[in-house]
Amino acid sequence: MSTPMKFLIVDDFSTMRRIVRNLLKEIGHADADEAEDGVVALNKLRNGNFSFVVSDINMPNMNGFELLAEIKKDEKLKHLPVLMVTAEARKEDIVLAAQSGAAGYIVKPFTKATLEDKLGNIFKKLGI
C-alpha cells in the first residue's frame with residue numbers, strides 16, 4: 001500500500017477504541033483517530049481526511065447503522081469503506097450491514113490476525 005491510510009475508530013467504549021487502535025498500529029496503520037459515537041464520528045469525518053472507518057454498532061446518540069447510513073448518503077463520504085464491529089453475531093445485523101453498504105463485519109472479541117485478514121479482503125475488493 002503506497003499511501004498511508006487514516007482510520008477513524010468509532011466505539012462508545014474507550015478500551016475497545018484503544019484495542020482497535022493498537023491492533024491497527026501493529027499491522028502498519030498508525031494514523032488513527034477516535035470518536036465515542038456516530039454523532040462525533042460524523043463531525044470528524046466531515047472535517048477530516050479519513051480513508052477508512054471502523055465502527056461499533058451499539059452506541060448511544062447515533063449507532064453504527066445510523067452512522068453508516070449517514071456516510072453512504074453524503075457525497076463527500078460515501079466512498080469510505082466502513083468495517084462494522086459488534087459483540088453480537090446476529091444474522092440480521094450481518095445482513096443489514098451488507099445491505100447498508102458496509103465493507104465488512106467483524107465480531108468482538110477479535111484478534112490481530114482476524115482484523116488484518118478482514119482489512120486485507122476489503123482492500124483487495126476495493127483495489128487499494
# chains A, B, ... in the order shown; residues from 1 in each chain; ligands from 1

$ residues_around --residues "Arg90 of chain A" --least-positions-apart "4" --cutoff "12 Å" --atoms "only C-alpha atoms" --output "number ranges by chain"
A: 57, 85-86, 94-97, 105-107

$ residues_around --residues "segment 59-72 of chain A" --least-positions-apart "4" --cutoff "10 Å" --atoms "only C-alpha atoms" --output "PyMOL selection string"
chain A and resi 10-13+36-42+45-46+53-55+76-86+93+96-97+100-102

$ select_by_dssp --residues "chain A" --states "helix (DSSP H, G or I)" --output "ChimeraX atom specification"
/A:14-26,38-47,64-73,91-99,112-126

$ closest_residue --among "A:Glu92, A:Glu75, A:Glu26, A:Asp31" --to "Pro4 of chain A" --atoms "only C-alpha atoms"
A:Asp31

$ closest_residue --among "A:Ala103, A:Ala89, A:Ala32, A:Ile122" --to "Arg17 of chain A" --atoms "only C-alpha atoms"
A:Ala32

$ select_by_dssp --residues "chain A" --states "strand (DSSP E)" --output "PDB file with C-alpha atoms, in the first residue's frame"
ATOM      1  CA  PHE A   7      -8.604   5.404  10.172  1.00  0.00           C
ATOM      2  CA  LEU A   8     -11.477   6.610  12.340  1.00  0.00           C
ATOM      3  CA  ILE A   9     -12.315   4.209  15.164  1.00  0.00           C
ATOM      4  CA  VAL A  10     -15.859   4.660  16.475  1.00  0.00           C
ATOM      5  CA  ALA A  32      -5.935   6.768  13.532  1.00  0.00           C
ATOM      6  CA  ASP A  33      -8.373   8.993  15.346  1.00  0.00           C
ATOM      7  CA  GLU A  34     -11.239   8.075  17.673  1.00  0.00           C
ATOM      8  CA  ALA A  35     -14.867   9.006  18.241  1.00  0.00           C
ATOM      9  CA  PHE A  52     -11.405   4.096   6.468  1.00  0.00           C
ATOM     10  CA  VAL A  53     -13.975   3.771   9.285  1.00  0.00           C
ATOM     11  CA  VAL A  54     -14.069   1.004  11.897  1.00  0.00           C
ATOM     12  CA  SER A  55     -17.355   1.388  13.765  1.00  0.00           C
ATOM     13  CA  ASP A  56     -19.100  -0.365  16.610  1.00  0.00           C
ATOM     14  CA  VAL A  82     -16.827   1.019   6.789  1.00  0.00           C
ATOM     15  CA  LEU A  83     -15.956  -2.071   8.820  1.00  0.00           C
ATOM     16  CA  MET A  84     -18.727  -2.811  11.316  1.00  0.00           C
ATOM     17  CA  VAL A  85     -17.737  -4.232  14.703  1.00  0.00           C
ATOM     18  CA  THR A  86     -20.132  -5.748  17.220  1.00  0.00           C
ATOM     19  CA  GLY A 104     -17.239  -5.848   6.178  1.00  0.00           C
ATOM     20  CA  TYR A 105     -18.370  -7.136   9.553  1.00  0.00           C
ATOM     21  CA  ILE A 106     -16.318  -8.408  12.470  1.00  0.00           C
ATOM     22  CA  VAL A 107     -17.406  -9.858  15.831  1.00  0.00           C
TER      23      VAL A 107
END
